[in-house]
Amino acid sequence: MIEEFKQWYDDRHGYAKEWKKNNLDGKVVGYFCTYVPEEILYAANCLPVRIIGGHEPPARATPHMFDMWCPFSRDCLSQGLAGNYDYLDGIMIAQSCLHVRQAFGAWQLQVPTPWSYYVCMPNAVTTSHAKKFLFGELAELKMAVEAWVGKKMTDADLDRGIDIMNTSRRLMKKVYEFRKEDNPPLTGTEAMTMVWASQLMDKREHNVVVEELLRDLPHRQLDREPGIRLMIVGSENDDRPFMEMVESIGATFVIDDHCTGSRYFWDEIATTGDRLQAIADRYCDRVPCPTKDFQQETWERKRFPHILTLAKEYRVQGVILVQQKFCDPHECDIPSLKRYLEGNGIPCYVLEFEVTVPVGQFRIRIEAFIEQLRADELFD
Amino acid sequence: MVTYKTKGLDCWKRAKELRDRYYKDYKESPSRGGLRWEGGAWSFDAIPQALEGEVHGLSEEPYGASIAHDPELQVRYQEAAEGKWGCARDLCSYMRAYWGSVALNEYAFGGPWPHADFIFQNQICCCHSKWLQVADEIDGGTTPYFCFDVGVGPYDKIGDRQIEYVVAQLYDGIAFIERVTGRRIVEEKLIQNVYNTYRSNCYWAKTCELNQAIPAPLDEKTMFSLYVLGTLEKSSQAIADFYEKELYPEIKDRVANKIAAVANEQCRVLGDSQPPWGFLRIYRYLEQYGIVSVANLYTFSLIGWMKVDNNGLLVPYPTLEEQGITIKDRDHALRLLVEGELKGKLMWAPFYGATYKNDLVTKIAKQWRCDAAIIHLNRGCEGTAQHQMQLKIALQEMGIPAMTFEGNMADEREFDEGRVMRLIELFVTETLGLKKIA
Amino acid sequence: MIVAGIDVGGKNVHVVILKDGARAAQGASATGIQKAQAAERLYEETLRKAGLKREEVGCVVATGSAGKRVAFADACIADAAADARGVNRLVPSARTVIDVGAEEGRAIKISPHGKILDFAINEKCAAGTGTFVEAMAIALEMSVEEMAAISLKSSTSIPMNAQCAVFGESEVVSLIHQNIEKQDIAKAVHDAIAGRIASVARIVGLEKDIVIIGGMAKNEGFIDSLRKEIAMDIPDDPDFVGALGAAEAAAKGLLEEKVAVKVVGQEIVEGGEAS
Amino acid sequence: MAEETKKEYWRWPESIWVNPGIDWEKGTIITAGVDVGSVSSQAVVLVDGELYAFSNTRTGSDSPDSARKALSIAVDETGLTVDNIDYCIGTGYGRVNVPMAQRTITEIACHARGANFMYGPEVRTVMDMGGQDCKAINCDDKGKVLNFMMNDKCAAGTGRGMEVFADLIRVPVWEIGPRSFQVKKEPPTISSTCVVFAKSEVVGLLEKGVPENDIMAAYCAAMAHRIMELLNRLGVHEKFVITGGIAKNEGVVKRLEKELGIKTADKIWYKHSYKDYPFDTQIAGALGAALFAGAMVSKGKVKSARKK
């Protein structure tokens with residue numbers, strides 16, 4: 001099953017093109033940020049696929065975004081300029097960081113796409129006003145999508161959309177449960193490959209395979225030493241070679257906080273009350289991206305205790321904080337997060353990511369970090 | 001070749017006084033039983049400044065910029081932020097300077113770091129909400145913090161829903177301020193502050209509009225020192241009066257008498273984003289070729305409120321007097337304040353897409369009669385550096401020669417002067433084909 | 001009418017002497033540390049080759065990163081300006097010029113008259129320069145020429161971070177440790193730089209015809225990699241184009257009236273000092 | 001970057017030392033550490049935990065050969081061979097290519113351990129500058145790494161940078177330190193961070209006729225500043241020591257001490273009985289590796305690989 005996830009991830013474009021063939025009335029929508037309410041797209045029989053990079057130097061993006069913009073956003077744009085997403089019927093973004101918004105803006109001008117939409121996702125998400133405001137945004141989005149696909153969305157459609165997303169969330173969370181075991185039946189790379197795939201394909205199809213996986217996991221045995229239990233935290237991360245490298249030198253990622261990982265699916269939508277309001281509430285209440293992680297009265301953040309709880313529940317021995325170069329929201333939080341976790345007795349190591357990862361240089365750092373965590377073996 | 005009359009600004013001294021007093025008042029406020037709050041150039045200072053008794057704010061961006069004018073200080077503060085606090089070197093350079101100032105417990109205008117009684121901030125770019133969140137954390141994490149969200153969409157999509165969302169937050173903000181300070185927000189003061197905010201922002205916009213004249217009465221280098229007052233305290237009576245009663249009339253008079261900012265003006269250029277503050281001599285170099293920087297979306301609308309009229313022209317946003325509006329009460333005041341900021345601050349539009357930046361700046365290029373554009377790819381501010389490369393393409397497509405150079409508004413370590421001067425020289429002598437005016 | 005152009009770059013000096021518009025002689029030598037002397041020496045030598053005396057030369061224009069050090073020049077023009085003039089003479093149809101030298105890679109968009117419309121230069125880091133290739137050649141323990149030659153034999157493509165020259169070296173060394181064929185590593189290096197240069201070139205829009213000049217234009221390994229991204233032509237003696245352009249400027253200066261050139265020269269020198 | 005020159009200005013002289021007071025054949029546990037760096041390699045042999053022999057030599061393009069060479073020249077005249085070694089640990093940049101090693105440990109752990117042995121248990125911060133990177137390490141009284149930091153993805157201010165520089169101005173690297181102080185006043189530092197651009201900046205200064213000593217001072221100051229930035233991020237605590245080649249360059253060390261306001265510990269063996277042994281800061285990594293190997297064998301954590 002993991003192999004299937006990997007194939008879907010590797011052949012994301014092939015998959016989407018195939019999907020269009022089989023869903024002639026459906027549209028494929030590329031989205032730039034996980035604040036985009038996929039529920040509404042599923043309700044309109046669209047396929048939401050997350051636009052991610054190709055981990056190649058984003059040479060094509062240079063004329064459109066100079067290089068102070070984060071590697072991920074430039075890589076995404078570069079993929080579009082290279083024509084790799086030529087099958088998209090539309091693109092969407094929900095207001096998040098300025099980097100990916102810039103990639104979206106350049107895309108609108110430089111990569112011909114029939115439909116594009118900007119959801120003005122509010123920032124003061126901890127306030128009731130934000131939920132009310134987002135409700136209005138979603139109502140407008142709903143109308144815009146209806147007009148685009150030429151079909152009204154019924155409550156039943158919305159329920160279907162919500163159910164598809166919630167099921168996916170519930171199932172993936174169950175898979176993550178297995179990572180709490182002393183010797184997890186799946187590696188961090190495998191677990192995240194599952195999540196990556198879920199962002200690139202029809203969740204209904206994905207859910208079926210996750211269910212199979214859940215049946216399989218109780219019996220699954222990995223022929224490897226789990227080693228040090230690590231958590232990986234950061235913004236977008238689909239860096240397979242890096243994660244494989246780390247898990248090949250005496251460690252296992254047992255949990256993460258990435259928008260390509262747990263942060264994406266952790267929270268479900270309550271299925272009571274007005275549907276759009278329920279969706280709005282979920283996106284305001286979800287584990288926040290640092291751009292939206294502030295609350296009134298105090299400087300404290302909402303995401304930090306969540307990360308600490310995960311670290312404890314999954315018995316994490318060390319945390320790797322991934323800092324995408326130029327990613328302001330996370331760069332603003334990382335010094336505080338590092339102090340917060342270390343203050344709670346969890347060692348951290350900060351790594352700065354570029355588009356292409358110099359595995360050699362990272363290896364020595366990670367090896368040394370792992371040695372630091374298991375220093376006792378060397379000393380007593 | 002024509003040479004115009006030129007002379008310095010009469011109100012220059014006054015502008016400097018107002019600025020100096022602002023930073024001094026902030027420092028001394030407690031000694032007079034006054035309160036202190038931290039916010040940003042875009043915070044709605046009309047609200048905290050309506051507190052009963054004496055109160056003074058510290059505006060984060062201009063404070064960072066003041067530090068940048070002294071490279072030695074700037075590097076010391078930023079290295080403290082990067083070293084002692086451990087933040088990334090590529091973050092907003094004002095913010096790093098500010099954090100370093102807190103980390104070293106130093107106030108750039110003398111003395112130890114002046115702790116604020118509360119924080120009243122707004123969120124529009126990724127760094128705003130974080131800026132004082134972290135600053136306070138470095139400072140011990142005891143300052144009550146309030147941050148309201150103004151990221152509700154571009155000027156042409158502002159309706160009741162958007163206004164309602166921000167107003168609702170402001171009510172919370174007022175309750176917050178009154179609770180943490182134990183003082184009331186005085187309605188009369190609030191109403192007056194909103195009138196003043198309109199006057200400051202609208203009259204700065206009117207002043208900028210006057211720069212469409214040939215010769216330009218103001219060059220950007222001078223404008224930098226003038227808009228700053230609005231980024232400090234646009235709601236203040238003295239500052240609103242300065243814009244309406246001193247600056248605007250004087251510039252009007254300069255236009256009438258063809259008094260130029262630069263005597264040998266013959267090539268009008270447009271800038272984008274903040275300049276590298278430590279290297280304003282670039283403008284002097286340009287003047288040797290008769291090049292004057294006359295327009296910049298940033299310089300205009302960082303505080304100046306403008307709107308696109310029915311003919312698609314960029315015009316100053318009308319004052320309340322011009323709209324014939326009298327503020328009835330607190331609620332009316334808050335709504336008008338929010339409406340003005342959301343509809344008038346065009347600077348925010350590019351946050352919602354490259355098309356906005358291109359549309360507004362190409363309008364500026366036409367209306368301010370610019371012959372070329374020199375775009376500072378500002379590694380120090382992601383907000384104002386939005387879509388700069390798209391802008392370059394858009395300007396070139398409309399036949400305006402454009403060059404870009406990489407720099408940083410407030411981190412001299414990221415500015416290679418020799419290299420940049422080479423590029424500018426190439427652009428000026430080869431692309432624009434200009435010769436130095438002896 | 002006899003004029004000379006002198007291009008003093010980071011690594012080499014080039015001199016071109018034009019007699020009534022035709023090349024009378026040209027020469028190249030290493031710059032070394034004392035660039036002014038190197039230029040002086042080469043100029044003398046090239047004059048001798050052409051059988052000319054100093055005073056016979058109507059106007060001398062210098063260019064290149066150290067062009068301003070040529071005291072005896074009547075004027076000094078920016079290297080991109082020299083590139084534009086030189087290419088415009090050799091390939092009038094050229095609209096985009098890519099110049100990759102020892103310490104800089106740049107792209108220039110030019111008008112049919114050789115006017116510079118737009119330009120872009122690789123920022124801050126040495127990746128994407130000839131020096132980067134040299135460093136890698138040393139790491140591979142072979143000459144730049146050998147490296148160029150063997151890279152052509154490679155058919156694989158290894159992604160490489162052309163970030164920092166020093167890390168480039170360590171990447172090369174670790175590839176060697178992984179027993180990867182030197183030819184494949186050589187190609188990886190050329191691909192990496194070609195990628196850098198291509199992205200600089202894209203900034204000015206890649207309007208046809210595209211011409212590449214500068215020392216790296218003679219490196220067939222690099223050219224092979226860059227051709228995969230950009231279709232371009234290479235003029236003869238691509239490393240002499242800067243000097244040729246300077247000579248062109250000298251000739252033009254003479255035709256107009258020399259003072260003009262002198263003034264231009266002083267302007268630029270002052271401009272340079274302003275920097 | 002380093003042009004091939006007959007004379008290798010950039011390289012620290014090689015060194016070999018064998019402890020005359022020890023007869024290895026009487027020893028019970030013999031362990032070795034081999035540190036293959038990007039520029040130089042070191043080998044250290046311990047007999048029952050005591051320093052027996054070490055070598056410090058250059059790294060060739062082939063790591064395994066460099067490792068073999070380092071170890072063989074260390075024990076050249078002693079008759080000791082790989083087969084007599086109970087356990088060998090490889091470390092450094094080329095650690096995975098140390099053929100005679102039974103396992104590898106990173107230079108971060110090894111330098112901390114080695115520094116602890118060389119300078120004593122009070123060492124709290126270790127700065128090791130290798131050719132490619134610069135590591136700041138905080139450790140406890142056992143030499144256990146508490147946390148560490150390495151320079152970002154740019155080689156500015158690494159040992160390699162200094163070598164390129166030495167080559168460029170044709171001054172042996174060991175003379176740069178002393179000469180960098182023979183200046184009337186501290187010149188402005190080299191601004192360019194990129195090694196290649198720093199190079200052209202230096203060429204520019206040479207052209208302008210700036211005295212070589214001033215340029216050396218400027219370069220040392222620039223490097224000291226880069227290191228200071230890294231150390232500040234980690235937090236420096238006394239006893240503070242510098243290992244690796246750069247430690248020998250007082251031009252950098254003295255300026256770094258000035259910037260930090262902290263002195264580096266004297267280069268004296270902590271063990272009094274070692275006071276006459278040569279003190280080579282470059283062997284810290286290999287020494288640490290050999291010490292780890294010794295501890296593992298004596299605690300029976302690993303079994304001896306000794307052949308005879």
# chains A, B, ... in the order shown; residues from 1 in each chain; ligands from 1
>>> residues_around(residues="stretch 30-37 of chain B", least_positions_apart="4", cutoff="9 Å", atoms="only C-alpha atoms", output="PyMOL selection string")
chain B and resi 26+48+51+53-59+114-120+181
>>> residues_around(residues="A:Phe72", least_positions_apart="2", cutoff="7 Å", atoms="only C-alpha atoms", output="VMD selection string")
chain A and resid 53 70 74 to 76 355
>>> select_by_dssp(residues="stretch 137-288 of chain B", states="helix (DSSP H, G or I)", output="PyMOL selection string")
chain B and resi 137-138+155-157+160-181+187-210+220-233+237-256+277-279+281-287
>>> write_last_selection(atoms="C-alpha atoms", output="tab-separated table (two decimals), in the first residue's frame")
chain	number	residue	atom	x	y	z
B	137	GLU	CA	8.86	37.62	24.49
B	138	ILE	CA	12.48	38.84	24.36
B	155	TYR	CA	-9.67	48.23	-1.81
B	156	ASP	CA	-12.11	47.37	-4.61
B	157	LYS	CA	-13.64	44.46	-2.69
B	160	ASP	CA	-19.96	45.88	4.95
B	161	ARG	CA	-18.77	42.37	5.75
B	162	GLN	CA	-15.12	43.40	5.59
B	163	ILE	CA	-15.69	46.60	7.55
B	164	GLU	CA	-17.82	44.78	10.10
B	165	TYR	CA	-15.07	42.22	10.76
B	166	VAL	CA	-12.46	44.86	11.52
B	167	VAL	CA	-14.80	47.10	13.52
B	168	ALA	CA	-15.83	44.15	15.68
B	169	GLN	CA	-12.15	43.51	16.46
B	170	LEU	CA	-11.63	47.18	17.29
B	171	TYR	CA	-14.42	47.02	19.87
B	172	ASP	CA	-12.55	44.10	21.45
B	173	GLY	CA	-9.40	46.17	21.21
B	174	ILE	CA	-11.01	49.09	23.03
B	175	ALA	CA	-12.25	46.79	25.77
B	176	PHE	CA	-8.76	45.29	25.97
B	177	ILE	CA	-7.01	48.64	26.22
B	178	GLU	CA	-9.43	49.93	28.85
B	179	ARG	CA	-9.06	46.76	30.88
B	180	VAL	CA	-5.25	46.56	30.85
B	181	THR	CA	-4.71	50.28	31.41
B	187	GLU	CA	-15.12	59.36	22.79
B	188	GLU	CA	-14.42	63.01	21.96
B	189	LYS	CA	-10.72	62.27	21.65
B	190	LEU	CA	-11.45	59.26	19.46
B	191	ILE	CA	-13.65	61.29	17.14
B	192	GLN	CA	-11.04	64.04	16.89
B	193	ASN	CA	-8.32	61.44	16.21
B	194	VAL	CA	-10.33	60.02	13.33
B	195	TYR	CA	-10.77	63.49	11.80
B	196	ASN	CA	-7.01	63.94	12.18
B	197	THR	CA	-6.23	60.53	10.67
B	198	TYR	CA	-8.26	61.49	7.60
B	199	ARG	CA	-6.51	64.83	7.35
B	200	SER	CA	-3.01	63.35	7.67
B	201	ASN	CA	-3.59	60.60	5.14
B	202	CYS	CA	-5.62	62.58	2.63
B	203	TYR	CA	-3.41	65.66	2.67
B	204	TRP	CA	-0.27	63.57	2.24
B	205	ALA	CA	-1.98	62.02	-0.80
B	206	LYS	CA	-2.84	65.48	-2.12
B	207	THR	CA	0.78	66.49	-1.62
B	208	CYS	CA	1.95	63.47	-3.57
B	209	GLU	CA	-0.48	64.32	-6.34
B	210	LEU	CA	1.20	67.71	-6.69
B	220	GLU	CA	11.52	61.00	-3.20
B	221	LYS	CA	14.54	61.47	-0.96
B	222	THR	CA	12.81	64.45	0.63
B	223	MET	CA	9.41	62.76	0.73
B	224	PHE	CA	10.88	59.97	2.87
B	225	SER	CA	11.42	62.44	5.68
B	226	LEU	CA	7.91	63.82	5.34
B	227	TYR	CA	5.61	60.80	5.21
B	228	VAL	CA	7.36	59.40	8.26
B	229	LEU	CA	5.28	61.64	10.56
B	230	GLY	CA	2.17	59.86	9.39
B	231	THR	CA	3.74	56.50	10.17
B	232	LEU	CA	4.41	57.75	13.70
B	233	GLU	CA	1.09	59.25	14.76
B	237	GLN	CA	-3.55	67.15	15.89
B	238	ALA	CA	-0.05	68.58	15.38
B	239	ILE	CA	0.82	66.12	12.60
B	240	ALA	CA	-2.53	66.46	10.82
B	241	ASP	CA	-2.09	70.23	10.97
B	242	PHE	CA	1.44	69.87	9.60
B	243	TYR	CA	0.19	68.00	6.54
B	244	GLU	CA	-2.87	70.20	5.93
B	245	LYS	CA	-1.72	73.63	6.98
B	246	GLU	CA	2.05	73.63	6.40
B	247	LEU	CA	3.28	71.04	3.93
B	248	TYR	CA	0.41	71.00	1.44
B	249	PRO	CA	0.16	74.78	1.00
B	250	GLU	CA	3.93	75.09	0.67
B	251	ILE	CA	4.16	72.42	-2.03
B	252	LYS	CA	1.19	73.96	-3.83
B	253	ASP	CA	3.09	77.21	-3.81
B	254	ARG	CA	6.23	75.52	-5.15
B	255	VAL	CA	4.23	74.13	-8.07
B	256	ALA	CA	2.69	77.51	-8.79
B	277	TRP	CA	18.36	53.72	4.00
B	278	GLY	CA	22.09	53.67	4.57
B	279	PHE	CA	22.74	54.54	0.93
B	281	ARG	CA	23.51	58.95	-1.77
B	282	ILE	CA	22.33	56.87	-4.74
B	283	TYR	CA	19.77	59.64	-5.32
B	284	ARG	CA	22.49	62.27	-5.29
B	285	TYR	CA	24.38	60.29	-7.91
B	286	LEU	CA	21.25	60.16	-10.07
B	287	GLU	CA	20.80	63.91	-9.76
>>> select_by_dssp(residues="stretch 59-153 of chain D", states="strand (DSSP E)", output="count of residues only")
24
>>> atom_distance(atom1="atom CA of C:Val204", atom2="atom CA of C:Ala107")
6.8 Å
>>> interface_residues(of="chain B", to="chain D", cutoff="10 Å", atoms="only C-alpha atoms", output="list in words")
Glu79, Ala80, Ala81, Glu82, Gly83, Lys84, Trp85, Gly86, Cys87, Arg413, Glu414 and Asp416 of chain B
>>> interface_residues(of="chain D", to="chain A", cutoff="9 Å", atoms="only C-alpha atoms", output="ChimeraX atom specification")
/D:93,105-109,142-150,152-153,292,295-296,299
>>> write_last_selection(atoms="N, CA, C and O atoms", output="CSV table (one decimal), in the first residue's frame")
chain,number,residue,atom,x,y,z
D,93,TYR,N,35.3,14.3,7.9
D,93,TYR,CA,34.5,14.5,6.6
D,93,TYR,C,34.6,13.2,5.8
D,93,TYR,O,33.6,12.8,5.1
D,105,ILE,N,32.3,7.8,14.0
D,105,ILE,CA,31.6,8.8,14.9
D,105,ILE,C,31.9,10.1,14.3
D,105,ILE,O,33.0,10.4,13.8
D,106,THR,N,30.9,11.0,14.4
D,106,THR,CA,31.2,12.4,13.8
D,106,THR,C,32.2,13.1,14.5
D,106,THR,O,32.5,12.9,15.7
D,107,GLU,N,32.8,14.1,13.8
D,107,GLU,CA,33.9,14.9,14.3
D,107,GLU,C,33.4,15.8,15.4
D,107,GLU,O,34.1,16.2,16.3
D,108,ILE,N,32.1,16.0,15.4
D,108,ILE,CA,31.5,16.9,16.5
D,108,ILE,C,31.7,16.2,17.9
D,108,ILE,O,32.4,16.7,18.8
D,109,ALA,N,31.3,14.9,17.9
D,109,ALA,CA,31.5,14.2,19.2
D,109,ALA,C,32.9,14.0,19.5
D,109,ALA,O,33.4,14.1,20.6
D,142,LYS,N,32.5,15.6,30.9
D,142,LYS,CA,33.0,14.3,30.3
D,142,LYS,C,33.4,14.5,28.8
D,142,LYS,O,33.9,13.6,28.2
D,143,GLY,N,33.0,15.7,28.3
D,143,GLY,CA,33.3,15.9,26.9
D,143,GLY,C,32.1,15.4,26.1
D,143,GLY,O,32.1,15.2,24.9
D,144,LYS,N,30.9,15.3,26.8
D,144,LYS,CA,29.7,14.9,26.1
D,144,LYS,C,29.0,16.1,25.5
D,144,LYS,O,28.9,17.2,26.1
D,145,VAL,N,28.6,16.0,24.2
D,145,VAL,CA,28.0,17.1,23.5
D,145,VAL,C,26.7,17.4,24.0
D,145,VAL,O,25.8,16.5,24.1
D,146,LEU,N,26.5,18.7,24.4
D,146,LEU,CA,25.2,19.1,25.0
D,146,LEU,C,24.3,19.7,23.8
D,146,LEU,O,23.2,19.5,23.7
D,147,ASN,N,25.0,20.6,23.0
D,147,ASN,CA,24.4,21.0,21.8
D,147,ASN,C,25.5,21.6,20.9
D,147,ASN,O,26.6,21.9,21.4
D,148,PHE,N,25.2,21.8,19.7
D,148,PHE,CA,26.2,22.3,18.7
D,148,PHE,C,25.6,23.0,17.6
D,148,PHE,O,24.3,23.0,17.4
D,149,MET,N,26.4,23.7,16.9
D,149,MET,CA,25.9,24.5,15.7
D,149,MET,C,27.0,24.5,14.6
D,149,MET,O,28.2,24.4,14.9
D,150,MET,N,26.5,24.5,13.4
D,150,MET,CA,27.5,24.5,12.3
D,150,MET,C,27.1,25.7,11.3
D,150,MET,O,26.0,26.1,11.3
D,152,ASP,N,26.3,27.9,8.0
D,152,ASP,CA,25.2,27.7,7.0
D,152,ASP,C,25.8,27.2,5.7
D,152,ASP,O,27.1,27.0,5.6
D,153,LYS,N,25.0,27.1,4.7
D,153,LYS,CA,25.5,26.6,3.4
D,153,LYS,C,26.3,27.5,2.6
D,153,LYS,O,26.1,27.8,1.4
D,292,PHE,N,37.2,7.1,22.4
D,292,PHE,CA,35.9,6.4,22.4
D,292,PHE,C,36.1,4.9,22.1
D,292,PHE,O,35.6,4.0,22.8
D,295,ALA,N,37.4,3.2,25.3
D,295,ALA,CA,36.3,3.0,26.3
D,295,ALA,C,35.4,1.8,25.9
D,295,ALA,O,35.1,1.0,26.7
D,296,MET,N,35.1,1.8,24.6
D,296,MET,CA,34.2,0.7,24.1
D,296,MET,C,34.9,-0.7,24.4
D,296,MET,O,34.2,-1.6,24.8
D,299,LYS,N,35.2,-1.5,28.1
D,299,LYS,CA,33.9,-1.8,28.8
D,299,LYS,C,33.3,-3.0,28.1
D,299,LYS,O,32.1,-3.3,28.4
>>> residues_around(residues="B:Lys366", least_positions_apart="6", cutoff="10 Å", atoms="only C-alpha atoms", output="ChimeraX atom specification")
/B:212,313,398,400
>>> write_last_selection(atoms="N, CA and C atoms", output="PDB file, in the first residue's frame")
ATOM      1  N   GLN B 212       3.010  65.463  -9.649  1.00  0.00           N
ATOM      2  CA  GLN B 212       2.832  65.182 -11.084  1.00  0.00           C
ATOM      3  C   GLN B 212       3.375  66.357 -11.889  1.00  0.00           C
ATOM      4  N   LEU B 313      -8.379  56.956 -12.852  1.00  0.00           N
ATOM      5  CA  LEU B 313      -7.202  57.714 -12.419  1.00  0.00           C
ATOM      6  C   LEU B 313      -7.015  57.583 -10.916  1.00  0.00           C
ATOM      7  N   MET B 398       4.943  48.465 -21.082  1.00  0.00           N
ATOM      8  CA  MET B 398       4.338  49.750 -21.466  1.00  0.00           C
ATOM      9  C   MET B 398       5.405  50.728 -21.962  1.00  0.00           C
ATOM     10  N   ILE B 400       8.385  51.534 -20.614  1.00  0.00           N
ATOM     11  CA  ILE B 400       9.192  52.267 -19.642  1.00  0.00           C
ATOM     12  C   ILE B 400      10.427  51.449 -19.291  1.00  0.00           C
TER      13      ILE B 400
END
>>> interface_residues(of="chain A", to="chain B", cutoff="8 Å", atoms="only C-alpha atoms", output="PyMOL selection string")
chain A and resi 63-66+68+97-98+101-102+104-106+109+120-124+129-130+132-133+136+291+294-300+325-326+328-329+331-336
>>> closest_atom_pairs(of="chain A", to="chain C", cutoff="7 Å", atoms="only C-alpha atoms", output="CSV")
residue,atom,partner,partner_atom,distance
A:Ala59,CA,C:Ser199,CA,4.7
A:Arg60,CA,C:Ser199,CA,6.1
A:Thr62,CA,C:Ser199,CA,5.9
A:Pro63,CA,C:Ile203,CA,4.3
A:Thr356,CA,C:Asn161,CA,6.8
>>> write_last_selection(atoms="C-alpha atoms", output="CSV table (one decimal), in the first residue's frame")
chain,number,residue,atom,x,y,z
A,59,ALA,CA,15.5,28.4,-12.6
A,60,ARG,CA,12.3,29.3,-14.4
A,62,THR,CA,13.8,33.7,-11.3
A,63,PRO,CA,12.4,36.3,-13.7
A,356,THR,CA,17.6,20.9,-3.3
>>> interface_residues(of="chain B", to="chain C", cutoff="8 Å", atoms="only C-alpha atoms", output="list of chain:residue names")
B:Tyr285, B:Pro401, B:Ala402, B:Met403, B:Glu417, B:Gly418, B:Met421, B:Arg422, B:Glu425, B:Leu426, B:Glu430, B:Thr431, B:Lys435, B:Lys436
>>> closest_residue(among="C:Cys59, C:Ala39, C:Val16, C:Met136", to="chain D", atoms="only C-alpha atoms")
C:Met136
>>> closest_residue(among="D:Ile242, D:Lys184, D:Thr59, D:Val45", to="D:Ser72", atoms="only C-alpha atoms")
D:Val45
>>> residues_around(residues="stretch 113-115 of chain D", least_positions_apart="2", cutoff="9 Å", atoms="only C-alpha atoms", output="PyMOL selection string")
chain D and resi 108-111+117-121+123+126+139+142-145+241-243+281+283-292
>>> residues_around(residues="D:Val210", least_positions_apart="5", cutoff="12 Å", atoms="only C-alpha atoms", output="PyMOL selection string")
chain D and resi 169+183+187-188+201-205+215-218
>>> residues_around(residues="D:Glu250", least_positions_apart="5", cutoff="8 Å", atoms="only C-alpha atoms", output="list in words")
Gly177, Pro178 and Arg255 of chain D
>>> atom_distance(atom1="atom CA of A:Lys152", atom2="atom CA of A:Lys131")
23.7 Å
